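Input: a single structure, listed below in structure tokens.
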Amino acid sequence: MEILAVTNDAMAGWMASLIGIAGAVLGLGLVIFLHELGHFAVAKWCNVNVERFSIGFGPILLGWKWGETEYALSAIPFGGYVKMLGQDDADPSQMTSEEIAADPRSYVSKNVWQRMAIISAGVTMNVLTAVLFNAAAFGLGSESIPPVIGEVRPGLPAWVAGVRRGDEIDRFNGHEVTNFRDLALSIAVSNGPIELCGKRRTGEKFTAVVEPDTSSTRPQIGISPSPSLTILVDPEGKIPPAIPGTTAAKATPPFAPGDEIVKVGDQDVTSYAQFQNLLAERNGTETTLTVRRKEQADPVNITVGANYFRTLGLRLDTGPITAVQVGSPAAQAGLQVGDKLVTINGRSIGNDIDAMRLPDEFAKLHGQEVELAFKRANPTGDDQVRTVKLTAEDRPGWLEQPEMEGEPLSIPAIGVAFHVVPHIIQVEPGSPAAEAGLQPVKPIQIQKIELVLPTDAPDDGLKDRTLAISLFDKDNPKKANNWGFAFWAMQQMPNRHVQLTILEHDQKSPRMVTLTPVDDTSWPLPTLFLNLQVQVHAEKAENVSQAFAMAWTHSHNTIRNIYLTLRSLVVTRRLSYKELHGPFGIAQAAYESAKVGVVPLLLFLGFLSLNLAVLNFLPIPVLDGGHMVFLTWEALTRRRPSEKVMIGATYVGMAFLLSLMVLVLYLDIFVHRMGFGK
């Protein structure tokens with residue numbers, strides 16, 4: 001029975017792949033066919049002799065003659081063409097030939113308005129069919145990711161502007177936002193500061209002005225969509241409900257794929273942000289989660305054991321503040337980037353308080369006035385120690401985790417983010433570090449941390465059994481910025497040992513120390529490391545007219561974003577050319593959409609059709625837009641461009657398009673590493 005089950009799973013996987021490939025091929029072919037059909041139909045309507053209708057370029061693989069037209073499938077499946085008498089991009093001299101123009105059925109014999117209609121017909125067909133694809137998708141019922149914020153990356157622009165997890169964005173620079181994909185794309189093609197409007201999880205409305213970070217290949221602000229409360233269902237069975245070794249993975253009875261969390265203790269839960277807060281309130285104690293399980297009438301109560309941070313017993317030094325949230329208690333008290341926290345209510349940070357516990361320390365003091373001492377660089381000499389008083393907010397710590405290399409650790413209750421410097425200040429007695437002989441009698445610097453999966457430990461799903469994390473910035477070896485990331489990775493991989501590479505003050509060479517982290521029962525961990533599906537909501541039209549209204553709005557927004565993308569690539573250059581995808585990238589996206597289902601494929605084909613329409617109408621010789629430029633010139637001046645101009649422009653256009661094709665193929669193969677089933 002087990003062998004049969006494996007065989008059935010493999011067959012299901014193969015069938016999904018075959019459906020994906022077939023859907024991708026047919027869908028891409030259909031979009032190209034419809035574009036060329038537009039040219040073909042209007043050309044015939046204008047009584048033009050269409051010599052060839054081809055899907056693909058280059059050598060003809062399959063061809064047949066029907067009437068006066070040859071129909072063909074060609075070797076290079078990256079487009080298609082309609083070859084009319086007197087119109088051939090490979091031989092632009094035909095466009096100015098008087099002999100061909102004398103034939104009443106040639107393209108060049110037709111008046112300007114007829115030729116404009118023929119040239120624009122492909123683009124028009126793509127826009128119309130895109131609306132039809134989208135209307136069909138909304139009629140059947142589409143799922144999209146709502147613009148609800150799941151994570152806000154500490155220290156990045158959205159965090160600085162005061163955007164919080166659980167916020168729902170409804171307007172971007174005054175334009176309506178209905179899904180996270182459009183929000184992310186609008187950010188990527190933005191130009192200058194952006195305004196986000198929405199409502200908090202509590203229902204309170206807010207407006208945040210965010211200046212995107214443009215240091216990467218595209219503008220970004222550091223947000224991600226919200227997970228749902230449903231355990232991920234992995235068709236291949238490779239992703240478990242919870243990360244192996246964590247408390248959730250040891251729950252009784254076990255979590256199952258598709259379980260929907262409906263209660264924490266006796267309290268109903270309706271959102272991921274609320275779920276996180278409820279877990280934080282329980283302070284790591286044993287918790288009962290109630291889930292709704294498929295094909296089971298009664299809810300299932302799952303007991304999750306006590307949940308604590310895993311620690312090494314090290315207390316490290318704090319670095320300077322790297323970011324301050326707008327309007328936060330810290331900002332109101334006058335704290336600035338570069339300040340270094342020293343004491344809280346007279347208690348020393350590092351000796352009396354572990355720097356890694358600062359997010360929780362301030363959360364415990366919410367609603368109270370806190371006296372905070374900090375150092376500020378003095379331009380004329382030594383650092384100055386200053387004291388301020390502020391009131392911490394009721395915002396739990398460690399719900400904004402540094403999950404990317406180089407991210408700081410945030411203190412939500414006061415609105416600052418800082419790095420932890422890997423210099424050992426203190427070693428807690430009886431801890432793994434103390435048992436390994438580490439003592440800060442002399443200065444000790446931690447250079448690298450490695451998380452090693454023992455040979456006898458079960459696989460935890462990661463590719464490498466040893467994960468090495470340098471604690472210093474790769475671009476600035478003197479800047480320590482990775483301890484927070486490494487510490488959080490240690491929580492996510494509870495089955496792994498820790499190897500520290502340390503350099504002692506009086507030693508020339510570093511040495512390695514192996515430690516086994518232990519649970520610190522005084523420090524509750526406010527998350528369970530469940531693998532949850534992303535939150536989605538249904539977009540289904542109630543009738544045909546609503547389906548077309550939704551399709552038109554979606555198509556309009558798509559066209560707008562395509563033009564903004566081109567502006568960001570060419571004019572403002574805030575979007576890197578490395579974000580481009582070529583034919584393999586398009587095929588990969590079509591394959592993934594088709595593998596999921598008909599509706600995702602329809603939406604992708606609508607998106608692709610609109611891309612084809614916009615790009616084909618750019619004023620580049622050889623493309624439809626280039627032909628329209630020449631026709632507009634002819635309509636205004638009442639004379640055709642010269643043969644020399646036509647030939648020169650055509651060759652320049654061909655050279656540009658070939659160069660662009662080489663670039664996107666290079667990006668697909670060597671940068672994005674595209675491939676079916678990736």
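Quick note on naming: the chains in the structure tokens go A, B, ... in the order shown, residues restart at 1 in each chain, and ligands are numbered from 1 in order of appearance.
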Per DSSP on the backbone, filter segment 200-367 of chain A down to the residues in strand (DSSP E) and report them as an MDAnalysis selection string.
chainID A and resid 205:210 223:225 227:231 260:264 267:268 287:292 300:304 308:311 314:324 340:344 347:348
For Lys110 of chain A, find every residue with an atom within 9 Å (counting only C-alpha atoms), except residues of its own chain fewer than 5 positions away, and show them as a short mmCIF file (atom, residue, chain, number, x, y, z; two decimals) with C-alpha atoms, in the first residue's frame.
data_model
loop_
_atom_site.label_atom_id
_atom_site.label_comp_id
_atom_site.auth_asym_id
_atom_site.auth_seq_id
_atom_site.Cartn_x
_atom_site.Cartn_y
_atom_site.Cartn_z
CA CYS A 46 -9.22 45.79 -46.44
CA VAL A 48 -4.97 42.92 -48.83
CA ALA A 101 2.06 49.90 -54.85
CA PRO A 104 -4.52 47.15 -55.73
CA ARG A 105 -4.27 44.21 -53.29
CA ARG A 115 -2.93 50.69 -43.03
#
I need the alpha helix (DSSP H) residues of segment 105-176 of chain A per DSSP on the backbone, written as an NGL selection string.
:A and (112-140 or 157-161)
Write the residues you've just listed into a file as a compact mmCIF listing (two decimals), in the first residue's frame, and include N, CA and C atoms for each of them.
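And here is the file that came out, result_36.txt:
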# COMPACT_ATOMS: atom_id res chain seq x y z
N VAL A 112 -3.76 55.60 -45.83
CA VAL A 112 -3.11 55.62 -44.51
C VAL A 112 -4.01 55.06 -43.43
N TRP A 113 -5.29 55.42 -43.45
CA TRP A 113 -6.20 54.99 -42.39
C TRP A 113 -6.44 53.49 -42.42
N GLN A 114 -6.48 52.89 -43.61
CA GLN A 114 -6.61 51.44 -43.70
C GLN A 114 -5.35 50.75 -43.16
N ARG A 115 -4.18 51.29 -43.52
CA ARG A 115 -2.93 50.69 -43.03
C ARG A 115 -2.81 50.86 -41.51
N MET A 116 -3.25 51.99 -41.00
CA MET A 116 -3.25 52.17 -39.53
C MET A 116 -4.15 51.14 -38.86
N ALA A 117 -5.30 50.90 -39.47
CA ALA A 117 -6.23 49.91 -38.91
C ALA A 117 -5.61 48.52 -38.91
N ILE A 118 -4.91 48.17 -40.00
CA ILE A 118 -4.26 46.86 -40.08
C ILE A 118 -3.17 46.72 -39.02
N ILE A 119 -2.32 47.77 -38.90
CA ILE A 119 -1.19 47.71 -37.97
C ILE A 119 -1.67 47.68 -36.52
N SER A 120 -2.70 48.45 -36.20
CA SER A 120 -3.17 48.52 -34.81
C SER A 120 -4.08 47.37 -34.42
N ALA A 121 -4.47 46.55 -35.41
CA ALA A 121 -5.44 45.49 -35.13
C ALA A 121 -4.90 44.44 -34.17
N GLY A 122 -3.60 44.14 -34.25
CA GLY A 122 -3.02 43.14 -33.35
C GLY A 122 -3.09 43.59 -31.90
N VAL A 123 -2.71 44.85 -31.66
CA VAL A 123 -2.75 45.40 -30.32
C VAL A 123 -4.19 45.48 -29.82
N THR A 124 -5.08 45.92 -30.69
CA THR A 124 -6.50 46.01 -30.31
C THR A 124 -7.05 44.65 -29.93
N MET A 125 -6.69 43.64 -30.71
CA MET A 125 -7.13 42.28 -30.41
C MET A 125 -6.60 41.83 -29.06
N ASN A 126 -5.34 42.15 -28.74
CA ASN A 126 -4.77 41.74 -27.45
C ASN A 126 -5.48 42.40 -26.29
N VAL A 127 -5.83 43.68 -26.43
CA VAL A 127 -6.54 44.37 -25.35
C VAL A 127 -7.92 43.77 -25.15
N LEU A 128 -8.63 43.54 -26.25
CA LEU A 128 -9.98 42.97 -26.15
C LEU A 128 -9.96 41.57 -25.54
N THR A 129 -9.04 40.74 -26.02
CA THR A 129 -8.98 39.36 -25.50
C THR A 129 -8.48 39.33 -24.06
N ALA A 130 -7.63 40.31 -23.67
CA ALA A 130 -7.19 40.39 -22.28
C ALA A 130 -8.39 40.65 -21.37
N VAL A 131 -9.26 41.56 -21.79
CA VAL A 131 -10.47 41.83 -21.01
C VAL A 131 -11.34 40.57 -20.94
N LEU A 132 -11.43 39.83 -22.04
CA LEU A 132 -12.21 38.59 -22.04
C LEU A 132 -11.58 37.54 -21.11
N PHE A 133 -10.24 37.38 -21.18
CA PHE A 133 -9.56 36.44 -20.28
C PHE A 133 -9.84 36.81 -18.82
N ASN A 134 -9.68 38.10 -18.50
CA ASN A 134 -9.88 38.55 -17.12
C ASN A 134 -11.33 38.41 -16.69
N ALA A 135 -12.26 38.72 -17.59
CA ALA A 135 -13.68 38.59 -17.26
C ALA A 135 -14.03 37.13 -16.98
N ALA A 136 -13.48 36.22 -17.79
CA ALA A 136 -13.73 34.79 -17.56
C ALA A 136 -13.17 34.35 -16.21
N ALA A 137 -11.98 34.88 -15.86
CA ALA A 137 -11.37 34.52 -14.58
C ALA A 137 -12.22 35.01 -13.42
N PHE A 138 -12.69 36.28 -13.49
CA PHE A 138 -13.50 36.81 -12.40
C PHE A 138 -14.89 36.17 -12.38
N GLY A 139 -15.37 35.73 -13.54
CA GLY A 139 -16.64 35.03 -13.59
C GLY A 139 -16.56 33.68 -12.92
N LEU A 140 -15.45 32.96 -13.15
CA LEU A 140 -15.26 31.66 -12.52
C LEU A 140 -14.92 31.79 -11.04
N PRO A 157 12.21 51.10 5.04
CA PRO A 157 11.38 52.30 4.93
C PRO A 157 9.96 52.20 5.50
N ALA A 158 9.26 51.09 5.25
CA ALA A 158 7.88 50.97 5.76
C ALA A 158 7.88 50.98 7.29
N TRP A 159 8.85 50.29 7.87
CA TRP A 159 8.97 50.24 9.34
C TRP A 159 9.23 51.64 9.89
N VAL A 160 10.16 52.36 9.27
CA VAL A 160 10.48 53.72 9.71
C VAL A 160 9.26 54.62 9.61
N ALA A 161 8.45 54.45 8.56
CA ALA A 161 7.27 55.29 8.36
C ALA A 161 6.11 54.93 9.28
Atom-to-atom span, atom CA of Lys340 of chain A and atom CA of Ala392 of chain A, Å:
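We find that atom CA of Lys340 of chain A and atom CA of Ala392 of chain A lie 17.7 Å from each other.
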For Arg164 of chain A, which residue among A:Leu566, A:Val189, A:Val536, A:Ile223 is the nearest when counting only C-alpha atoms?
A:Ile223
With only C-alpha atoms as the basis for distance, which of A:Tyr71, A:Phe630, A:Phe584, A:Tyr272 is at the shortest distance from Met661 of chain A?
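Looking only at the distances to Met661 of chain A, the closest residue turns out to be A:Phe584.
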Contacts of Ser576 of chain A within 12 Å, only C-alpha atoms, excl. fewer than 5 positions in-chain, as number ranges by chain:
A: 188-189, 214-219, 565-571, 581, 667
One decimal, Å: what's the distance from atom CA of Gln535 of chain A over to atom CA of Asn277 of chain A, could you say?
17.5 Å
From the set A:Ser545, A:Pro59, A:Gly203, A:His366, which residue has the shortest atom-to-atom contact distance to Ile76 of chain A, counting only C-alpha atoms?
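Using only C-alpha atoms, the shortest distance to Ile76 of chain A belongs to A:Pro59.
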Atomic separation - atom CA of Pro619 of chain A relative to atom CA of Ala655 of chain A, Å
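Result for atom CA of Ala655 of chain A versus atom CA of Pro619 of chain A: 14.6 Å, one decimal.
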Nearest-residue call for Phe78 of chain A, choices A:Thr288, A:Ile239, A:Gly29, A:Ile302, using only C-alpha atoms
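Result for the nearest residue to Phe78 of chain A: A:Gly29.
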